[in-house]
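Data block for data.pdb (PDB, C-alpha atoms):
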ATOM      1  CA  MET A   1      24.433  -1.147   1.917
ATOM      2  CA  THR A   2      25.602  -0.145   5.392
ATOM      3  CA  GLU A   3      26.795  -2.041   8.441
ATOM      4  CA  ALA A   4      24.010  -3.023  10.827
ATOM      5  CA  ARG A   5      23.946  -1.366  14.240
ATOM      6  CA  HIS A   6      22.603  -4.152  16.419
ATOM      7  CA  TYR A   7      24.491  -7.432  16.232
ATOM      8  CA  VAL A   8      27.289  -9.347  17.942
ATOM      9  CA  LYS A   9      30.132 -11.337  16.421
ATOM     10  CA  LEU A  10      30.383 -15.051  17.153
ATOM     11  CA  ILE A  11      32.990 -17.759  16.592
ATOM     12  CA  GLY A  12      33.831 -18.675  12.997
ATOM     13  CA  GLU A  13      32.683 -15.370  11.484
ATOM     14  CA  LYS A  14      29.085 -16.052  12.405
ATOM     15  CA  VAL A  15      27.034 -13.169  13.810
ATOM     16  CA  GLU A  16      23.912 -12.882  15.930
ATOM     17  CA  CYS A  17      21.491 -10.165  14.858
ATOM     18  CA  ARG A  18      20.058  -8.271  17.832
ATOM     19  CA  LEU A  19      17.480  -6.156  15.965
ATOM     20  CA  CYS A  20      14.428  -8.325  16.574
ATOM     21  CA  PRO A  21      13.505 -11.185  18.923
ATOM     22  CA  HIS A  22      14.331 -13.823  16.306
ATOM     23  CA  LYS A  23      18.019 -13.131  17.091
ATOM     24  CA  CYS A  24      19.061 -14.870  13.893
ATOM     25  CA  ILE A  25      22.477 -16.520  13.926
ATOM     26  CA  VAL A  26      23.788 -15.812  10.449
ATOM     27  CA  ALA A  27      26.706 -17.623   8.824
ATOM     28  CA  PRO A  28      28.953 -15.831   6.300
ATOM     29  CA  GLY A  29      27.132 -15.231   3.037
ATOM     30  CA  ASN A  30      23.715 -15.912   4.555
ATOM     31  CA  ARG A  31      20.828 -13.635   5.443
ATOM     32  CA  GLY A  32      18.466 -13.527   8.402
ATOM     33  CA  ILE A  33      14.740 -14.285   8.363
ATOM     34  CA  CYS A  34      14.002 -10.737   7.195
ATOM     35  CA  ARG A  35      16.051 -11.370   3.983
ATOM     36  CA  VAL A  36      17.716  -7.936   4.149
ATOM     37  CA  ARG A  37      20.476  -8.375   6.736
ATOM     38  CA  GLN A  38      23.457 -10.321   5.453
ATOM     39  CA  ASN A  39      26.695 -11.584   6.959
ATOM     40  CA  ARG A  40      29.681 -10.565   4.865
ATOM     41  CA  ALA A  41      33.000 -11.848   6.191
ATOM     42  CA  GLY A  42      31.877 -11.704   9.794
ATOM     43  CA  LYS A  43      30.081  -8.352   9.628
ATOM     44  CA  LEU A  44      26.306  -7.879   9.397
ATOM     45  CA  TYR A  45      25.083  -5.470   6.745
ATOM     46  CA  SER A  46      21.719  -3.864   6.049
ATOM     47  CA  GLN A  47      21.147  -4.579   2.357
ATOM     48  CA  ASN A  48      18.093  -2.355   2.048
ATOM     49  CA  TYR A  49      19.621   0.884   3.354
ATOM     50  CA  GLY A  50      18.560   3.618   0.927
ATOM     51  CA  ARG A  51      16.485   1.186  -1.164
ATOM     52  CA  CYS A  52      12.885   2.302  -1.682
ATOM     53  CA  SER A  53      10.214   0.049  -3.197
ATOM     54  CA  SER A  54       7.191   2.310  -2.709
ATOM     55  CA  LEU A  55       6.708   6.063  -2.372
ATOM     56  CA  ALA A  56       3.404   7.948  -2.334
ATOM     57  CA  LEU A  57       1.676  10.943  -0.774
ATOM     58  CA  ASP A  58      -1.147   9.318   1.214
ATOM     59  CA  PRO A  59      -3.941  10.486   3.487
ATOM     60  CA  ILE A  60      -2.878   9.931   7.091
ATOM     61  CA  GLU A  61      -6.090   7.896   7.489
ATOM     62  CA  LYS A  62      -4.671   5.278   5.105
ATOM     63  CA  LYS A  63      -1.979   4.250   7.620
ATOM     64  CA  PRO A  64      -4.504   4.000   9.406
ATOM     65  CA  LEU A  65      -4.132   6.865  11.879
ATOM     66  CA  TYR A  66      -7.473   8.491  12.674
ATOM     67  CA  HIS A  67      -6.510  10.633  15.676
ATOM     68  CA  PHE A  68      -3.181  12.066  14.504
ATOM     69  CA  TYR A  69      -3.567  15.238  12.409
ATOM     70  CA  PRO A  70      -6.764  13.988  10.726
ATOM     71  CA  GLY A  71      -7.247  15.129   7.162
ATOM     72  CA  SER A  72      -3.501  15.548   6.550
ATOM     73  CA  LEU A  73      -1.341  14.078   3.809
ATOM     74  CA  ILE A  74       1.901  12.278   4.610
ATOM     75  CA  LEU A  75       4.710  11.114   2.343
ATOM     76  CA  SER A  76       4.825   7.340   2.731
ATOM     77  CA  ALA A  77       7.888   5.248   1.975
ATOM     78  CA  GLY A  78       8.596   1.544   2.047
ATOM     79  CA  THR A  79      11.443  -0.828   1.330
ATOM     80  CA  VAL A  80      11.643  -4.639   1.044
ATOM     81  CA  GLY A  81      11.802  -7.445   3.586
ATOM     82  CA  CYS A  82       9.975  -8.437   6.746
ATOM     83  CA  ASN A  83      10.817 -10.338   9.922
ATOM     84  CA  PHE A  84       7.434 -12.112   9.969
ATOM     85  CA  GLY A  85       6.067 -14.728   7.600
ATOM     86  CA  CYS A  86       2.323 -14.019   7.666
ATOM     87  CA  GLN A  87       0.451 -16.419   5.390
ATOM     88  CA  PHE A  88      -2.068 -13.625   4.700
ATOM     89  CA  CYS A  89       0.501 -10.877   3.979
ATOM     90  CA  GLN A  90      -1.147  -7.877   2.300
ATOM     91  CA  ASN A  91       2.138  -6.590   0.822
ATOM     92  CA  TRP A  92       3.834  -9.900  -0.008
ATOM     93  CA  GLN A  93       5.266  -8.624  -3.293
ATOM     94  CA  ILE A  94       7.686  -6.338  -1.423
ATOM     95  CA  ALA A  95       7.864  -8.192   1.878
ATOM     96  CA  HIS A  96       8.736 -11.647   0.559
ATOM     97  CA  GLN A  97       9.861 -11.250  -3.056
ATOM     98  CA  GLU A  98      12.771  -9.544  -4.790
ATOM     99  CA  ALA A  99      10.899  -6.369  -5.624
ATOM    100  CA  HIS A 100      12.288  -3.513  -7.693
ATOM    101  CA  THR A 101      13.749  -0.664  -5.641
ATOM    102  CA  VAL A 102      15.246   2.742  -6.356
ATOM    103  CA  ALA A 103      18.016   4.481  -4.469
ATOM    104  CA  ILE A 104      17.116   7.279  -2.076
ATOM    105  CA  SER A 105      19.091   8.967   0.694
ATOM    106  CA  PRO A 106      17.693  10.206   4.003
ATOM    107  CA  GLN A 107      18.309  13.778   2.832
ATOM    108  CA  GLN A 108      16.428  13.182  -0.429
ATOM    109  CA  LEU A 109      13.440  11.649   1.334
ATOM    110  CA  VAL A 110      13.216  14.594   3.718
ATOM    111  CA  GLN A 111      13.476  17.021   0.813
ATOM    112  CA  LYS A 112      10.672  15.209  -1.016
ATOM    113  CA  ALA A 113       8.462  15.469   2.074
ATOM    114  CA  GLN A 114       9.150  19.189   2.336
ATOM    115  CA  ALA A 115       8.478  19.734  -1.366
ATOM    116  CA  SER A 116       5.148  17.870  -1.192
ATOM    117  CA  ASP A 117       3.837  19.971   1.702
ATOM    118  CA  SER A 118       3.535  16.764   3.697
ATOM    119  CA  LEU A 119       2.903  16.442   7.422
ATOM    120  CA  GLY A 120       6.049  14.347   7.520
ATOM    121  CA  ILE A 121       7.192  10.850   6.606
ATOM    122  CA  ALA A 122       5.444   7.531   7.229
ATOM    123  CA  TYR A 123       7.631   4.439   7.164
ATOM    124  CA  THR A 124       5.208   1.812   5.938
ATOM    125  CA  TYR A 125       4.125  -0.685   3.216
ATOM    126  CA  SER A 126       6.805  -3.288   4.035
ATOM    127  CA  GLU A 127       8.093  -3.722   7.607
ATOM    128  CA  PRO A 128       9.999  -0.525   8.489
ATOM    129  CA  LEU A 129      11.751  -2.050  11.508
ATOM    130  CA  VAL A 130      13.972  -4.112   9.176
ATOM    131  CA  TRP A 131      14.848  -0.778   7.490
ATOM    132  CA  PHE A 132      16.108   0.262  10.907
ATOM    133  CA  GLU A 133      19.323   2.132  10.103
ATOM    134  CA  PHE A 134      17.726   4.090   7.263
ATOM    135  CA  VAL A 135      14.632   4.956   9.302
ATOM    136  CA  ALA A 136      16.716   6.078  12.277
ATOM    137  CA  ASP A 137      18.904   8.339  10.127
ATOM    138  CA  THR A 138      15.959   9.773   8.179
ATOM    139  CA  ALA A 139      13.745  10.328  11.215
ATOM    140  CA  GLN A 140      16.381  12.493  12.902
ATOM    141  CA  LEU A 141      16.743  14.665   9.808
ATOM    142  CA  ALA A 142      12.964  14.896   9.429
ATOM    143  CA  ARG A 143      12.562  16.018  13.045
ATOM    144  CA  GLU A 144      15.221  18.706  12.545
ATOM    145  CA  ALA A 145      13.285  19.893   9.494
ATOM    146  CA  GLY A 146      10.066  20.201  11.528
ATOM    147  CA  LEU A 147       8.415  17.120  10.038
ATOM    148  CA  LYS A 148       6.518  14.359  11.855
ATOM    149  CA  ASN A 149       7.648  10.718  11.795
ATOM    150  CA  VAL A 150       5.130   7.874  11.663
ATOM    151  CA  MET A 151       5.821   4.145  11.965
ATOM    152  CA  VAL A 152       3.362   1.576  10.590
ATOM    153  CA  SER A 153       4.852  -1.562  12.016
ATOM    154  CA  ASN A 154       4.449  -5.094  13.314
ATOM    155  CA  GLY A 155       6.238  -3.967  16.500
ATOM    156  CA  PHE A 156       8.618  -6.956  16.557
ATOM    157  CA  ILE A 157      11.834  -5.386  17.805
ATOM    158  CA  GLU A 158      14.283  -5.779  20.683
ATOM    159  CA  PRO A 159      14.274  -3.198  23.528
ATOM    160  CA  GLU A 160      17.695  -1.651  22.760
ATOM    161  CA  PRO A 161      17.050  -0.669  19.117
ATOM    162  CA  LEU A 162      13.528   0.393  20.063
ATOM    163  CA  ALA A 163      14.952   2.767  22.672
ATOM    164  CA  GLU A 164      17.229   4.234  19.990
ATOM    165  CA  LEU A 165      14.289   4.866  17.671
ATOM    166  CA  LEU A 166      11.654   6.107  20.141
ATOM    167  CA  PRO A 167      12.851   9.726  20.562
ATOM    168  CA  TRP A 168      12.316  10.400  16.857
ATOM    169  CA  ILE A 169       8.916   8.774  16.259
ATOM    170  CA  ASP A 170       5.794  10.875  16.798
ATOM    171  CA  ALA A 171       3.130   8.271  16.062
ATOM    172  CA  TRP A 172       2.826   4.505  15.651
ATOM    173  CA  ASN A 173       0.227   2.253  14.156
ATOM    174  CA  ILE A 174       1.184  -1.134  15.564
ATOM    175  CA  ASP A 175      -0.267  -4.272  14.041
ATOM    176  CA  ILE A 176      -1.250  -6.702  16.791
ATOM    177  CA  LYS A 177      -2.015  -9.601  14.491
ATOM    178  CA  GLY A 178      -3.884 -11.594  17.108
ATOM    179  CA  PHE A 179      -4.098 -12.030  20.855
ATOM    180  CA  ASN A 180      -2.963 -15.625  20.645
ATOM    181  CA  GLN A 181       0.576 -17.019  20.813
ATOM    182  CA  GLU A 182      -0.334 -20.157  18.860
ATOM    183  CA  PHE A 183      -1.672 -18.012  15.999
ATOM    184  CA  TYR A 184       1.541 -15.991  15.978
ATOM    185  CA  ARG A 185       3.678 -19.134  16.022
ATOM    186  CA  LYS A 186       1.856 -21.017  13.256
ATOM    187  CA  VAL A 187       0.520 -18.304  10.958
ATOM    188  CA  VAL A 188       2.694 -15.246  11.603
ATOM    189  CA  ARG A 189       5.975 -17.030  12.450
ATOM    190  CA  GLY A 190       6.769 -14.932  15.486
ATOM    191  CA  SER A 191       5.633 -14.075  19.000
ATOM    192  CA  TYR A 192       3.107 -11.541  20.218
ATOM    193  CA  GLN A 193       4.574 -10.641  23.606
ATOM    194  CA  PRO A 194       7.367  -8.466  22.105
ATOM    195  CA  VAL A 195       4.714  -6.679  20.024
ATOM    196  CA  LEU A 196       2.677  -5.856  23.119
ATOM    197  CA  ARG A 197       5.852  -4.623  24.803
ATOM    198  CA  THR A 198       6.619  -2.301  21.883
ATOM    199  CA  ALA A 199       3.126  -0.799  21.961
ATOM    200  CA  ALA A 200       3.272  -0.224  25.718
ATOM    201  CA  VAL A 201       6.789   1.246  25.651
ATOM    202  CA  ALA A 202       5.945   3.560  22.741
ATOM    203  CA  ARG A 203       2.904   4.838  24.626
ATOM    204  CA  GLN A 204       4.923   5.325  27.829
ATOM    205  CA  ALA A 205       7.481   7.302  25.820
ATOM    206  CA  GLY A 206       4.782   9.792  24.859
ATOM    207  CA  ALA A 207       4.183   8.763  21.259
ATOM    208  CA  HIS A 208       0.700   8.649  19.785
ATOM    209  CA  VAL A 209      -0.298   4.977  19.357
ATOM    210  CA  GLU A 210      -3.104   3.333  17.408
ATOM    211  CA  ILE A 211      -3.601  -0.422  17.026
ATOM    212  CA  THR A 212      -4.694  -2.464  14.007
ATOM    213  CA  THR A 213      -5.824  -6.098  14.013
ATOM    214  CA  LEU A 214      -6.748  -7.913  10.809
ATOM    215  CA  LEU A 215      -9.489 -10.414  11.656
ATOM    216  CA  VAL A 216      -8.718 -13.569   9.667
ATOM    217  CA  THR A 217     -11.599 -15.991   9.163
ATOM    218  CA  GLY A 218     -11.369 -18.947  11.510
ATOM    219  CA  LEU A 219      -7.892 -18.088  12.800
ATOM    220  CA  ASN A 220      -7.944 -15.010  15.055
ATOM    221  CA  ASP A 221     -11.582 -13.885  14.905
ATOM    222  CA  ASP A 222     -12.756 -15.572  18.099
ATOM    223  CA  LEU A 223     -14.911 -13.011  19.895
ATOM    224  CA  GLU A 224     -13.550 -13.883  23.331
ATOM    225  CA  GLU A 225     -10.022 -13.294  22.056
ATOM    226  CA  ILE A 226     -11.037  -9.918  20.593
ATOM    227  CA  ALA A 227     -12.537  -8.923  23.940
ATOM    228  CA  GLU A 228      -9.240  -9.868  25.622
ATOM    229  CA  LEU A 229      -7.347  -7.730  23.098
ATOM    230  CA  ALA A 230      -9.596  -4.737  23.768
ATOM    231  CA  GLN A 231      -9.195  -5.184  27.525
ATOM    232  CA  TRP A 232      -5.415  -5.262  27.145
ATOM    233  CA  VAL A 233      -5.397  -2.115  24.992
ATOM    234  CA  ALA A 234      -7.610  -0.310  27.504
ATOM    235  CA  GLY A 235      -5.519  -1.383  30.476
ATOM    236  CA  GLU A 236      -2.038  -0.882  29.031
ATOM    237  CA  LEU A 237      -2.494   1.901  26.468
ATOM    238  CA  GLY A 238      -5.643   3.651  27.670
ATOM    239  CA  VAL A 239      -9.350   3.655  26.814
ATOM    240  CA  ASP A 240      -8.819   6.488  24.314
ATOM    241  CA  THR A 241      -6.475   4.377  22.151
ATOM    242  CA  PRO A 242      -8.031   3.879  18.692
ATOM    243  CA  LEU A 243      -8.425   0.223  17.687
ATOM    244  CA  HIS A 244      -8.823  -0.587  13.982
ATOM    245  CA  LEU A 245     -10.378  -3.989  13.317
ATOM    246  CA  SER A 246      -9.776  -4.729   9.662
ATOM    247  CA  ARG A 247     -11.642  -7.200   7.444
ATOM    248  CA  TYR A 248      -9.499  -9.913   5.883
ATOM    249  CA  TYR A 249      -9.631 -10.840   2.187
ATOM    250  CA  PRO A 250      -7.689 -13.789   0.682
ATOM    251  CA  GLN A 251      -4.065 -12.825   0.038
ATOM    252  CA  TYR A 252      -0.703 -14.465  -0.540
ATOM    253  CA  ARG A 253      -0.763 -18.086   0.739
ATOM    254  CA  LEU A 254      -4.040 -18.028   2.671
ATOM    255  CA  LYS A 255      -7.286 -18.786   0.832
ATOM    256  CA  ALA A 256      -9.800 -18.657   3.689
ATOM    257  CA  PRO A 257     -13.001 -16.747   2.789
ATOM    258  CA  PRO A 258     -13.321 -13.050   3.704
ATOM    259  CA  THR A 259     -14.225 -12.264   7.305
ATOM    260  CA  PRO A 260     -18.028 -12.337   7.661
ATOM    261  CA  LEU A 261     -19.487  -8.878   8.130
ATOM    262  CA  ALA A 262     -21.452 -10.156  11.120
ATOM    263  CA  THR A 263     -18.166 -11.072  12.805
ATOM    264  CA  MET A 264     -16.796  -7.591  12.156
ATOM    265  CA  TYR A 265     -19.802  -5.853  13.711
ATOM    266  CA  GLN A 266     -19.898  -8.217  16.696
ATOM    267  CA  ALA A 267     -16.173  -7.688  17.277
ATOM    268  CA  ARG A 268     -16.639  -3.919  17.217
ATOM    269  CA  GLN A 269     -19.509  -4.059  19.701
ATOM    270  CA  LEU A 270     -17.431  -6.173  22.087
ATOM    271  CA  ALA A 271     -14.380  -3.923  21.806
ATOM    272  CA  GLN A 272     -16.524  -0.830  22.395
ATOM    273  CA  GLN A 273     -17.338  -2.160  25.849
ATOM    274  CA  HIS A 274     -13.716  -1.408  26.771
ATOM    275  CA  LEU A 275     -12.560   1.323  24.350
ATOM    276  CA  HIS A 276     -13.924   4.709  23.277
ATOM    277  CA  TYR A 277     -12.808   4.463  19.653
ATOM    278  CA  VAL A 278     -13.168   1.273  17.586
ATOM    279  CA  TYR A 279     -13.150   1.407  13.800
ATOM    280  CA  LEU A 280     -13.721  -1.170  11.054
ATOM    281  CA  GLY A 281     -11.384  -1.308   8.061
ATOM    282  CA  ASN A 282     -12.276  -2.775   4.653
ATOM    283  CA  VAL A 283     -15.986  -2.437   5.498
ATOM    284  CA  ALA A 284     -18.161  -0.298   3.204
ATOM    285  CA  ASP A 285     -20.069   1.482   5.956
ATOM    286  CA  PRO A 286     -19.107   5.103   6.726
ATOM    287  CA  GLU A 287     -20.738   4.999  10.155
ATOM    288  CA  VAL A 288     -18.126   2.541  11.490
ATOM    289  CA  ASN A 289     -15.325   4.962  10.653
ATOM    290  CA  ASN A 290     -16.786   8.170  12.057
ATOM    291  CA  THR A 291     -15.463   9.500  15.364
ATOM    292  CA  SER A 292     -17.957  10.276  18.121
ATOM    293  CA  CYS A 293     -17.417  12.216  21.328
ATOM    294  CA  PRO A 294     -17.345   9.753  24.260
ATOM    295  CA  ALA A 295     -18.960  12.371  26.520
ATOM    296  CA  CYS A 296     -22.006  13.481  24.517
ATOM    297  CA  GLY A 297     -22.132  11.130  21.512
ATOM    298  CA  ALA A 298     -21.904  13.882  18.894
ATOM    299  CA  THR A 299     -20.132  12.977  15.648
ATOM    300  CA  VAL A 300     -16.941  15.038  15.599
ATOM    301  CA  ILE A 301     -15.241  13.570  12.500
ATOM    302  CA  ARG A 302     -17.045  12.148   9.473
ATOM    303  CA  ARG A 303     -15.113   9.930   7.088
ATOM    304  CA  LEU A 304     -16.161   8.758   3.636
ATOM    305  CA  SER A 305     -13.314   6.680   2.255
ATOM    306  CA  TYR A 306     -10.395   9.107   2.710
ATOM    307  CA  GLN A 307     -12.529  12.256   2.619
ATOM    308  CA  VAL A 308     -12.567  13.764   6.105
ATOM    309  CA  ASN A 309     -14.989  16.324   7.552
ATOM    310  CA  LEU A 310     -13.742  17.906  10.792
ATOM    311  CA  SER A 311     -16.656  20.283  11.324
ATOM    312  CA  GLY A 312     -17.567  18.663  14.645
ATOM    313  CA  LEU A 313     -14.214  19.642  16.145
ATOM    314  CA  ASP A 314     -13.203  22.885  17.758
ATOM    315  CA  GLY A 315      -9.444  22.461  17.796
ATOM    316  CA  GLU A 316      -9.008  19.199  19.727
ATOM    317  CA  SER A 317     -12.373  19.487  21.512
ATOM    318  CA  CYS A 318     -15.936  18.461  20.748
ATOM    319  CA  ARG A 319     -17.784  21.434  19.285
ATOM    320  CA  ALA A 320     -21.068  20.237  20.792
ATOM    321  CA  CYS A 321     -20.091  19.860  24.458
ATOM    322  CA  GLY A 322     -16.549  21.222  24.709
ATOM    323  CA  SER A 323     -14.971  17.986  25.953
ATOM    324  CA  LYS A 324     -11.251  17.595  25.194
ATOM    325  CA  LEU A 325     -10.736  14.610  22.908
ATOM    326  CA  ALA A 326      -7.821  12.247  22.345
ATOM    327  CA  ILE A 327      -7.078  13.780  18.937
ATOM    328  CA  ILE A 328      -3.851  15.519  17.915
ATOM    329  CA  ARG A 329      -4.214  18.397  15.453
TER     330      ARG A 329
END
So that I can check it, write out the structure of this file as structure tokens.
Amino acid sequence: MTEARHYVKLIGEKVECRLCPHKCIVAPGNRGICRVRQNRAGKLYSQNYGRCSSLALDPIEKKPLYHFYPGSLILSAGTVGCNFGCQFCQNWQIAHQEAHTVAISPQQLVQKAQASDSLGIAYTYSEPLVWFEFVADTAQLAREAGLKNVMVSNGFIEPEPLAELLPWIDAWNIDIKGFNQEFYRKVVRGSYQPVLRTAAVARQAGAHVEITTLLVTGLNDDLEEIAELAQWVAGELGVDTPLHLSRYYPQYRLKAPPTPLATMYQARQLAQQHLHYVYLGNVADPEVNNTSCPACGATVIRRLSYQVNLSGLDGESCRACGSKLAIIR
């Protein structure tokens, strides 16, 4: 446990957390919405510093990041807690329950990444932004060791801590859970404007950014809304930004039926009117996860599950026509 970096003290030993836009006012002995930041005698502490719930060497495509060192493996670490309350949470056992954790230091995590011949470290599984102090410390050490840092995040963070983190993060997959404030308020328990801000600021800072949206049956799968999302991504992040539209299956507290496949394909077709790269997650069709050259249409990356064939690439260019692609290798 370590003292939090972003909070202010209030009257009567209360504190206001300044990590995320919730700005929880926390009385002594209590915790914020994320469950992992606690007021102890007028000081706010990060209870999950150095606590790891999940650790695995994953394909980078599992994050999902399709245009950032494709075909690589990355050591992926998660903790507990989350500052959202998604009714469809895919990792609710560690996000919203008292999951088992083991102790790990930033130095140990970096050493494990080096020993595993990993591209770097992905902070993922639970919400890494509520692991802020640990991620910030580890990311600096990883960068010094020549490793890459990847954030798989809901993007719900205040500008000041984001600015502190940005210099150390090489790539983000940001989960825009819907392009609808009412959906965020009722189902996610947050707001989407700060998430859009995080994605735009990360891109402006020079980080690689990909976007994921889980299409939840009857809640955020309106085709007009998906078109608006794609237009925003194209306008604010660029037409080469990969968008991953993922198929929902019942999880946690939400029992709606899985997203119809027809909806997934229609959503992809709409998004492709604005973006060069749109992929479908949780859909058993390899064609919707291959990467094609926007200039000539040639398939440059073939994906079957997490098996990746890069034979269509010549470095970061299309082997067929020579066009430079928005792929980092």
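Shortest atom-to-atom contact with Arg329 (chain A) among A:Leu119, A:Leu304, A:Val8, A:Val15: A:Leu119, counting only C-alpha atoms.
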Would you give me, as a tab-separated table, each residue of region 30-120 of chain A having an atom within 7 Å of an atom of region 305-310 of chain A, along with its shortest atom pair and that distance in Å to one decimal, using only C-alpha atoms and sorting by chain and residue number?
residue	atom	partner	partner_atom	distance
A:Pro59	CA	A:Tyr306	CA	6.6
A:Glu61	CA	A:Tyr306	CA	6.5
A:Gly71	CA	A:Val308	CA	5.6
(request) Would you mind reading off the distance between CA of Arg35 (chain A) and CA of Pro167 (chain A), one decimal, in Å? (result)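 We find that CA of Arg35 (chain A) and CA of Pro167 (chain A) lie 27.0 Å from each other.
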(message) Quick check on the file I pasted: which residues fall under the PyMOL selection byres ((chain A and resi 6) around 8)? Write them as number ranges by chain.
(response) A: 4-5, 7-8, 17-19, 161
Can I get the selection written as a compact mmCIF listing (two decimals), keeping the file's coordinate frame, with C-alpha atoms?
# COMPACT_ATOMS: atom_id res chain seq x y z
CA ALA A 4 24.01 -3.02 10.83
CA ARG A 5 23.95 -1.37 14.24
CA TYR A 7 24.49 -7.43 16.23
CA VAL A 8 27.29 -9.35 17.94
CA CYS A 17 21.49 -10.16 14.86
CA ARG A 18 20.06 -8.27 17.83
CA LEU A 19 17.48 -6.16 15.96
CA PRO A 161 17.05 -0.67 19.12
(message) Here's the selection I'm unsure about, the PyMOL selection byres ((chain A and resi 137) around 10); applied to the file above, which residues does it give, as a list in words?
(response) Ser105, Pro106, Gln107, Phe132, Glu133, Phe134, Val135, Ala136, Thr138, Ala139, Gln140, Leu141, Ala142, Leu165 and Trp168 of chain A
Could the residues in this selection be written to a file with C-alpha atoms, as a short mmCIF file (atom, residue, chain, number, x, y, z; two decimals), in the coordinates of the input?
data_model
loop_
_atom_site.label_atom_id
_atom_site.label_comp_id
_atom_site.auth_asym_id
_atom_site.auth_seq_id
_atom_site.Cartn_x
_atom_site.Cartn_y
_atom_site.Cartn_z
CA SER A 105 19.09 8.97 0.69
CA PRO A 106 17.69 10.21 4.00
CA GLN A 107 18.31 13.78 2.83
CA PHE A 132 16.11 0.26 10.91
CA GLU A 133 19.32 2.13 10.10
CA PHE A 134 17.73 4.09 7.26
CA VAL A 135 14.63 4.96 9.30
CA ALA A 136 16.72 6.08 12.28
CA THR A 138 15.96 9.77 8.18
CA ALA A 139 13.74 10.33 11.22
CA GLN A 140 16.38 12.49 12.90
CA LEU A 141 16.74 14.66 9.81
CA ALA A 142 12.96 14.90 9.43
CA LEU A 165 14.29 4.87 17.67
CA TRP A 168 12.32 10.40 16.86
#
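Of the residues under consideration (A:Tyr69, A:Ala145, A:Tyr125, A:Gln181), A:Tyr125 shows the shortest atom-to-atom contact distance to Gln93 (chain A) when counting all atoms listed in the file.
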(request) Identify all residues satisfying the PyMOL selection byres ((chain A and resi 234) around 12) in the given file; provide them as JSON, numbers by chain. (result) {"A": [200, 210, 211, 227, 228, 229, 230, 231, 232, 233, 235, 236, 237, 238, 239, 240, 241, 242, 243, 271, 272, 273, 274, 275, 276, 277, 278]}
(request) List the neighbours of region 212-216 of chain A out to 7 Å using only C-alpha atoms; skip same-chain residues closer than 2 positions along the sequence, and give me the result as a VMD selection string. (result) chain A and resid 173 to 178 210 218 to 221 243 to 248 259
For the selection just defined, write its residues with C-alpha atoms to a file, as a PDB file, keeping the file's coordinate frame.
ATOM      1  CA  ASN A 173       0.227   2.253  14.156  1.00  0.00           C
ATOM      2  CA  ILE A 174       1.184  -1.134  15.564  1.00  0.00           C
ATOM      3  CA  ASP A 175      -0.267  -4.272  14.041  1.00  0.00           C
ATOM      4  CA  ILE A 176      -1.250  -6.702  16.791  1.00  0.00           C
ATOM      5  CA  LYS A 177      -2.015  -9.601  14.491  1.00  0.00           C
ATOM      6  CA  GLY A 178      -3.884 -11.594  17.108  1.00  0.00           C
ATOM      7  CA  GLU A 210      -3.104   3.333  17.408  1.00  0.00           C
ATOM      8  CA  GLY A 218     -11.369 -18.947  11.510  1.00  0.00           C
ATOM      9  CA  LEU A 219      -7.892 -18.088  12.800  1.00  0.00           C
ATOM     10  CA  ASN A 220      -7.944 -15.010  15.055  1.00  0.00           C
ATOM     11  CA  ASP A 221     -11.582 -13.885  14.905  1.00  0.00           C
ATOM     12  CA  LEU A 243      -8.425   0.223  17.687  1.00  0.00           C
ATOM     13  CA  HIS A 244      -8.823  -0.587  13.982  1.00  0.00           C
ATOM     14  CA  LEU A 245     -10.378  -3.989  13.317  1.00  0.00           C
ATOM     15  CA  SER A 246      -9.776  -4.729   9.662  1.00  0.00           C
ATOM     16  CA  ARG A 247     -11.642  -7.200   7.444  1.00  0.00           C
ATOM     17  CA  TYR A 248      -9.499  -9.913   5.883  1.00  0.00           C
ATOM     18  CA  THR A 259     -14.225 -12.264   7.305  1.00  0.00           C
TER      19      THR A 259
END
(message) Residues within 9 Å of Met1 (chain A), please, as a list in words. Count all atoms listed in the file; anything in the same chain fewer than 6 positions from it doesn't count.
(response)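 That gives Tyr45, Ser46, Gln47, Asn48, Tyr49, Gly50 and Arg51 of chain A.
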For the selection you just gave me, I'd like the residues written to a file as an mmCIF file, in the frame of the given file, keeping C-alpha atoms.
data_model
loop_
_atom_site.group_PDB
_atom_site.id
_atom_site.type_symbol
_atom_site.label_atom_id
_atom_site.label_comp_id
_atom_site.auth_asym_id
_atom_site.auth_seq_id
_atom_site.Cartn_x
_atom_site.Cartn_y
_atom_site.Cartn_z
ATOM 1 C CA TYR A 45 25.083 -5.470 6.745
ATOM 2 C CA SER A 46 21.719 -3.864 6.049
ATOM 3 C CA GLN A 47 21.147 -4.579 2.357
ATOM 4 C CA ASN A 48 18.093 -2.355 2.048
ATOM 5 C CA TYR A 49 19.621 0.884 3.354
ATOM 6 C CA GLY A 50 18.560 3.618 0.927
ATOM 7 C CA ARG A 51 16.485 1.186 -1.164
#
(request) Tell me, in Å to one decimal, how far CA of His96 (chain A) is from CA of Arg253 (chain A). (result)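 Separation between CA of His96 (chain A) and CA of Arg253 (chain A): 11.5 Å.
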(message) What's the separation between CA of Gly190 (chain A) and CA of Gly42 (chain A), in Å to one decimal place?
(response) 25.9 Å
(message) If we count all atoms listed in the file and set the cut-off at 12 Å, which residues sit around Pro21 (chain A), ignoring sequence neighbours fewer than 4 positions away in its own chain? Please answer as a list of chain:residue names.
(response)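 Here the answer would be A:His6, A:Tyr7, A:Glu16, A:Cys17, A:Ile25, A:Gly32, A:Ile33, A:Cys34, A:Asn83, A:Phe84, A:Leu129, A:Gly155, A:Phe156, A:Ile157, A:Glu158, A:Pro159, A:Glu160, A:Pro161, A:Leu162, A:Arg189, A:Gly190, A:Ser191, A:Tyr192, A:Gln193, A:Pro194, A:Val195, A:Arg197, A:Thr198.
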